[in-house]
Structures are given as C-alpha cells and as structure tokens.
Amino acid sequence: MSLRLHAPVVLPCDPACTVLRDAVVDIVDGRVAHVGPEAHAPEFAGEVRRLTGILLPGLVNTHAHSPMVLLRGMGGDLPLLRWLHEAMWPAEAKMKPEDIRVGMLLGAVEMLRNGVTTSAEMYFHGEQLADAVLAAGSRVLFGAAIMDLPGLPWRPMTDEITRWIDADGLRFGPDERIELSYGPHSAYILTPEALGEIAGEARDRGALLQIHVAESPEEDVAQRESHGSVPRLLEQAGVLGGRVLSAHSVHLSPEDVAIYARHRVGIAHCPGSNTKLASGIAPLRSYLDAGVPVGLGTDGPASNDDLDLFEEARLAALLARVTTKDATAMRAADALLLATRGGAAALGRDDLGALEPGRWGDVVHVDVDDPAFATGLDAPDEQVLANLVWASGTRRVKDVWVAGKQVVADGETTNVDRREAQAGVRAVSARLR
C-alpha cells in the first residue's frame, strides 16, 4: 500500500524542528519513504490525499497505565502513596483479565483521538491489553508490571513475560505494533537483587525495562538511606546498561543525572500527574542539558486524569520556564520534540517519533479551522509552532494514520465505535465501585 499525504505545513520533527511548506509525506508498505516540499517530490503512483492544515508524526506517550480509565476520578484528592494504597490497589484487585481489555480499548481510542499513536504501558494481563491495542489500531510497548507483595511474588511474573518474549519475539503483530518489555514497579517494591535479575533478563533479549523512580519524596526513604539514591541503587544492582526507562524521576540529584547520562537511561517526564499528586516538579532543563533522553508521559488516567500529550508538552514547557525563571528555557519547538522524537529516543526506538525515511508512517493531521490558527499558516515558523503547542493542542486533531492505515477520520476512530467503548468502561467501573 502506498499513500501520499500533502499539506500546507509538514513538521517532520527532525532535531531542528524544521517547518516544511507545501510538502508531502510518502508512505510505502507502512513506512515513510519520502518527506519534503511537493515541488521536489519524486513521482508517486499510489493514493494521494490533499489536506488542509498541519501534518506531524504520531505522538509517543512514554509512560501510561491506560486501562485505569476504569478508575478515573477515584481518590482524586489524595497524595501518591495514599492514592495507591487506599484507592487504586484495592480497586485493581477486583479487576478481571477481560476488564483490562475494556479499559485499554477506550484508552487507545482516547489517545488516538489526541494524536498519540504509541504508548508505553505498565500494567497486567498483557494479552488482553495487546488485543485491545490491535483492535484500535495503535501501538504499544507493554511492560508487564512486576511486583513483590504478599500473593504477588516477582519471579513468576518475570518468568511469564520472559516466556512470552521467547515465544513470540520482542515485536510482533501487524506493522510490529506490539512490543513486549519488563515493568518492575519500583525499588521500594522490589529488592536490588530482584531488580538486577529482571534487568538481566531484559538485557539478554534487548527489551526495554520500565520502572518508577523518585516520583515523590516519601516513597523510597529506606532506599535512599541505604544507597544514597535510587539511581545509585540501580547502578550498583546492575540494572542500568540496557534499554531502561525511568518514569517520573522528579527528585534526582546532579549525581543521579550524571548516572543516567552515562548509561543513556531514558526519562518519562509526567508533569500532569506529578502536579496533580503534588509529587513535585522535575528539573527538566537540567536533564536535557546533561544529554539524558527525555520523553513525555501522561501516567494513568486516574492520576492525570487525561491521556493528552499535547497538554503534557505545554505543561512541561510552562513548568520549565517558571522553575528556571527563564522564558527561553523551553520553546514551543522543544516541547513538540519531547512529545515526538524525544519520546521515541527515551524508549530506545529509532523507528518512531519523526517523519523520516525508514520510520513507521504514523502521521497526525491537525485541522487549522480554529481561532488558534487565525493568524494563518503563512506566519513565521516560530509562530506556527507556537500556535500549535500553546494555543491549539489536541482539539483540532482530525485524522491519524498508523503505518499508513487510517485509524482516526474526522475526529473519530475508524476501527472502534467510541460510544460502545465508553459503555463498556461504564459497566466495568460500576462493578469496581
């Protein structure tokens, strides 16, 4: 299948965040074959779609627990640890495997309508979750949540995801839309020895390891007392060195940041969840300046409470500016790159997050019939980017393609009836309450 998308503005999300005018994106066999001005485009024999507005790569959500749409609004006024122990974990204990599919299906629908084509999920019942993603047409890096609690020993959970990877491979499904990974919850749930063994399993298979780190000051007191910090614990336990994603990572010292930079650990920056749970504000600018790969995450829709990565980009930039008292600390272009190219880099994926030849043809079309773009697309590049990031966000996402296949048309998902997905969540949520 070949598809050419033409638009007045194309944002390939290259490192310079170039703004291409009157440009095309060619997708052949699911991958980007060419991006550039139409005047210099090669001859094309496939379908051609002429669109108004802006084209950009699918957004990459680097940290989510999307099935928690089932729990949205529960415990919304509690701090992190009380929210987990009093609201989330008791409700999750009542979930059936099929509930995960119901929640993930609506989560995928919500993200696609917001321009998010890939999410890194840490959750349970991966087969149900993956089935929902395939049904919606999006992508996922599923991190099997691994814990060590009464009745939930870590070893069987680790062995289960290892067997699955060994049986089906790291990536599978149409257009490699499913990737499997390990999701040890945190250093305050698992011992250093267990973390080291899990990391070894991941490294042996080239798999991503997703872990919560330094989300709030109260969560890892014992670990800081014994090792100085969680990043130091992870380094000493042999966790670092492969593909590692450190979620939240709010409270890191300069030494911690240097450890992450040395090992190329990716950070999933979750400003919406961090502020809602009063966990703190990560010093984003210092992470980027140190060369740490950083992407954006929504966290779960019960702690955020939405799955809107444009909102995360805007909030990340605003917080970076106000905490540094520097209005140049994070430009609109920088924020957009965090949500796209930066997210792919944080996950260790060089096939997502940008419109470049060889990467997957995951494309978002933003309609500009909106007051946010009343100044016109012929405005200077910086103004077009500013209007997209600061003023418009997700509300004008109109069409989305994953590997060249349209999964959102005129604002609605094509593979899933949104209202039916919402009704499914409503029924499960009533039972969990």
# chains A, B, ... in the order shown; residues from 1 in each chain; ligands from 1
$ select_by_dssp --residues "segment 76-160 of chain A" --states "alpha helix (DSSP H)" --output "PyMOL selection string"
chain A and resi 80-82+89-92+97-113+126-136+154-160
$ residues_around --residues "segment 277-282 of chain A" --least-positions-apart "4" --cutoff "6 Å" --atoms "only C-alpha atoms" --output "PyMOL selection string"
chain A and resi 79-80+216+250
$ residues_around --residues "Asp369 of chain A" --least-positions-apart "6" --cutoff "9 Å" --atoms "only C-alpha atoms" --output "list in words"
Thr52, Gly53 and Arg396 of chain A
$ write_last_selection --atoms "N, CA, C and O atoms" --output "PDB file, in the first residue's frame"
ATOM      1  N   THR A  52      -5.849  20.106   4.268  1.00  0.00           N
ATOM      2  CA  THR A  52      -5.543  21.430   4.808  1.00  0.00           C
ATOM      3  C   THR A  52      -4.820  21.239   6.140  1.00  0.00           C
ATOM      4  O   THR A  52      -4.872  20.166   6.742  1.00  0.00           O
ATOM      5  N   GLY A  53      -4.121  22.236   6.611  1.00  0.00           N
ATOM      6  CA  GLY A  53      -3.579  22.192   7.961  1.00  0.00           C
ATOM      7  C   GLY A  53      -2.160  21.674   8.053  1.00  0.00           C
ATOM      8  O   GLY A  53      -1.325  21.900   7.177  1.00  0.00           O
ATOM      9  N   ARG A 396      -7.892  20.123  17.645  1.00  0.00           N
ATOM     10  CA  ARG A 396      -8.073  20.124  16.199  1.00  0.00           C
ATOM     11  C   ARG A 396      -7.438  18.907  15.525  1.00  0.00           C
ATOM     12  O   ARG A 396      -7.264  18.897  14.312  1.00  0.00           O
TER      13      ARG A 396
END
$ closest_residue --among "A:Leu106, A:Leu208, A:Ala339, A:Val48" --to "Val239 of chain A" --atoms "only C-alpha atoms"
A:Leu208
$ closest_residue --among "A:Ile259, A:Leu209, A:Val363, A:Ala302" --to "Val230 of chain A" --atoms "only C-alpha atoms"
A:Ile259
$ closest_residue --among "A:Glu201, A:Asp378, A:Glu92, A:Glu356" --to "Asp159 of chain A" --atoms "only C-alpha atoms"
A:Glu201
$ residues_around --residues "Glu193 of chain A" --least-positions-apart "2" --cutoff "12 Å" --atoms "only C-alpha atoms" --output "list of chain:residue names"
A:Asp148, A:Trp154, A:Arg155, A:Ala187, A:Ile189, A:Leu190, A:Thr191, A:Leu195, A:Gly196, A:Glu197, A:Ile198, A:Ala199, A:Gly200, A:Leu233, A:Leu234, A:Glu235, A:Gln236, A:Ala237, A:Gly238, A:Val239
$ atom_distance --atom1 "atom CA of Gly46 of chain A" --atom2 "atom CA of Gly358 of chain A"
17.7 Å
$ select_by_dssp --residues "segment 23-55 of chain A" --states "strand (DSSP E)" --output "list in words"
Ala23, Val24, Val25, Asp26, Ile27, Val28, Arg31, Val32, Ala33, His34, Val35, Gly36, Pro37, Glu47, Val48, Arg49, Arg50, Ile54 and Leu55 of chain A
$ residues_around --residues "Ser181 of chain A" --least-positions-apart "2" --cutoff "7 Å" --atoms "only C-alpha atoms" --output "list in words"
Leu141, Phe142, Gly143, Ala144, Glu179, Gly183, Ala207, Leu208 and Leu209 of chain A
$ residues_around --residues "segment 313-325 of chain A" --least-positions-apart "5" --cutoff "12 Å" --atoms "only C-alpha atoms" --output "ChimeraX atom specification"
/A:59-61,268-276,280-288,294-298,307-308,330-340,342-343,385-394
$ decode --residues "segment 340-360 of chain A" --atoms "N, CA, C and O atoms" --output "mmCIF file, in the first residue's frame"
data_model
loop_
_atom_site.group_PDB
_atom_site.id
_atom_site.type_symbol
_atom_site.label_atom_id
_atom_site.label_comp_id
_atom_site.auth_asym_id
_atom_site.auth_seq_id
_atom_site.Cartn_x
_atom_site.Cartn_y
_atom_site.Cartn_z
ATOM 1 N N THR A 340 7.418 13.821 20.628
ATOM 2 C CA THR A 340 7.566 13.014 19.423
ATOM 3 C C THR A 340 8.927 12.321 19.417
ATOM 4 O O THR A 340 9.081 11.241 19.956
ATOM 5 N N ARG A 341 9.899 12.982 18.827
ATOM 6 C CA ARG A 341 11.236 12.403 18.680
ATOM 7 C C ARG A 341 11.858 12.052 20.035
ATOM 8 O O ARG A 341 12.483 11.004 20.190
ATOM 9 N N GLY A 342 11.697 12.941 21.012
ATOM 10 C CA GLY A 342 12.270 12.694 22.331
ATOM 11 C C GLY A 342 11.682 11.472 22.989
ATOM 12 O O GLY A 342 12.392 10.689 23.636
ATOM 13 N N GLY A 343 10.373 11.283 22.833
ATOM 14 C CA GLY A 343 9.741 10.106 23.417
ATOM 15 C C GLY A 343 10.265 8.828 22.809
ATOM 16 O O GLY A 343 10.527 7.845 23.515
ATOM 17 N N ALA A 344 10.435 8.808 21.483
ATOM 18 C CA ALA A 344 10.972 7.626 20.830
ATOM 19 C C ALA A 344 12.383 7.329 21.325
ATOM 20 O O ALA A 344 12.737 6.171 21.589
ATOM 21 N N ALA A 345 13.200 8.370 21.469
ATOM 22 C CA ALA A 345 14.575 8.180 21.942
ATOM 23 C C ALA A 345 14.595 7.647 23.364
ATOM 24 O O ALA A 345 15.412 6.783 23.711
ATOM 25 N N ALA A 346 13.713 8.156 24.224
ATOM 26 C CA ALA A 346 13.670 7.694 25.611
ATOM 27 C C ALA A 346 13.304 6.211 25.689
ATOM 28 O O ALA A 346 13.750 5.503 26.600
ATOM 29 N N LEU A 347 12.520 5.727 24.736
ATOM 30 C CA LEU A 347 12.125 4.320 24.699
ATOM 31 C C LEU A 347 13.133 3.452 23.953
ATOM 32 O O LEU A 347 12.954 2.233 23.863
ATOM 33 N N GLY A 348 14.167 4.077 23.399
ATOM 34 C CA GLY A 348 15.132 3.309 22.621
ATOM 35 C C GLY A 348 14.594 2.860 21.289
ATOM 36 O O GLY A 348 14.994 1.822 20.761
ATOM 37 N N ARG A 349 13.701 3.655 20.682
ATOM 38 C CA ARG A 349 13.095 3.324 19.399
ATOM 39 C C ARG A 349 13.492 4.376 18.365
ATOM 40 O O ARG A 349 13.152 5.563 18.507
ATOM 41 N N ASP A 350 14.194 3.957 17.319
ATOM 42 C CA ASP A 350 14.572 4.888 16.266
ATOM 43 C C ASP A 350 13.678 4.744 15.047
ATOM 44 O O ASP A 350 13.988 5.255 13.963
ATOM 45 N N ASP A 351 12.538 4.049 15.215
ATOM 46 C CA ASP A 351 11.604 3.854 14.109
ATOM 47 C C ASP A 351 10.282 4.578 14.338
ATOM 48 O O ASP A 351 9.337 4.406 13.572
ATOM 49 N N LEU A 352 10.221 5.408 15.366
ATOM 50 C CA LEU A 352 9.003 6.147 15.712
ATOM 51 C C LEU A 352 9.360 7.610 15.944
ATOM 52 O O LEU A 352 10.522 7.988 15.995
ATOM 53 N N GLY A 353 8.343 8.441 16.106
ATOM 54 C CA GLY A 353 8.545 9.790 16.632
ATOM 55 C C GLY A 353 9.010 10.837 15.658
ATOM 56 O O GLY A 353 9.229 11.988 16.052
ATOM 57 N N ALA A 354 9.163 10.513 14.376
ATOM 58 C CA ALA A 354 9.593 11.501 13.386
ATOM 59 C C ALA A 354 9.146 11.032 12.006
ATOM 60 O O ALA A 354 8.942 9.835 11.770
ATOM 61 N N LEU A 355 8.981 11.982 11.107
ATOM 62 C CA LEU A 355 8.655 11.663 9.715
ATOM 63 C C LEU A 355 9.957 11.684 8.932
ATOM 64 O O LEU A 355 10.366 12.703 8.386
ATOM 65 N N GLU A 356 10.619 10.540 8.927
ATOM 66 C CA GLU A 356 11.898 10.370 8.245
ATOM 67 C C GLU A 356 11.868 9.044 7.500
ATOM 68 O O GLU A 356 11.266 8.074 7.988
ATOM 69 N N PRO A 357 12.516 8.950 6.344
ATOM 70 C CA PRO A 357 12.530 7.687 5.607
ATOM 71 C C PRO A 357 13.006 6.531 6.483
ATOM 72 O O PRO A 357 14.000 6.630 7.199
ATOM 73 N N GLY A 358 12.242 5.451 6.434
ATOM 74 C CA GLY A 358 12.558 4.263 7.211
ATOM 75 C C GLY A 358 11.769 4.138 8.493
ATOM 76 O O GLY A 358 11.588 3.020 9.002
ATOM 77 N N ARG A 359 11.303 5.256 9.039
ATOM 78 C CA ARG A 359 10.480 5.181 10.246
ATOM 79 C C ARG A 359 9.045 4.814 9.852
ATOM 80 O O ARG A 359 8.629 4.991 8.715
ATOM 81 N N TRP A 360 8.310 4.325 10.841
ATOM 82 C CA TRP A 360 6.925 3.952 10.570
ATOM 83 C C TRP A 360 6.097 5.175 10.188
ATOM 84 O O TRP A 360 6.308 6.275 10.735
#
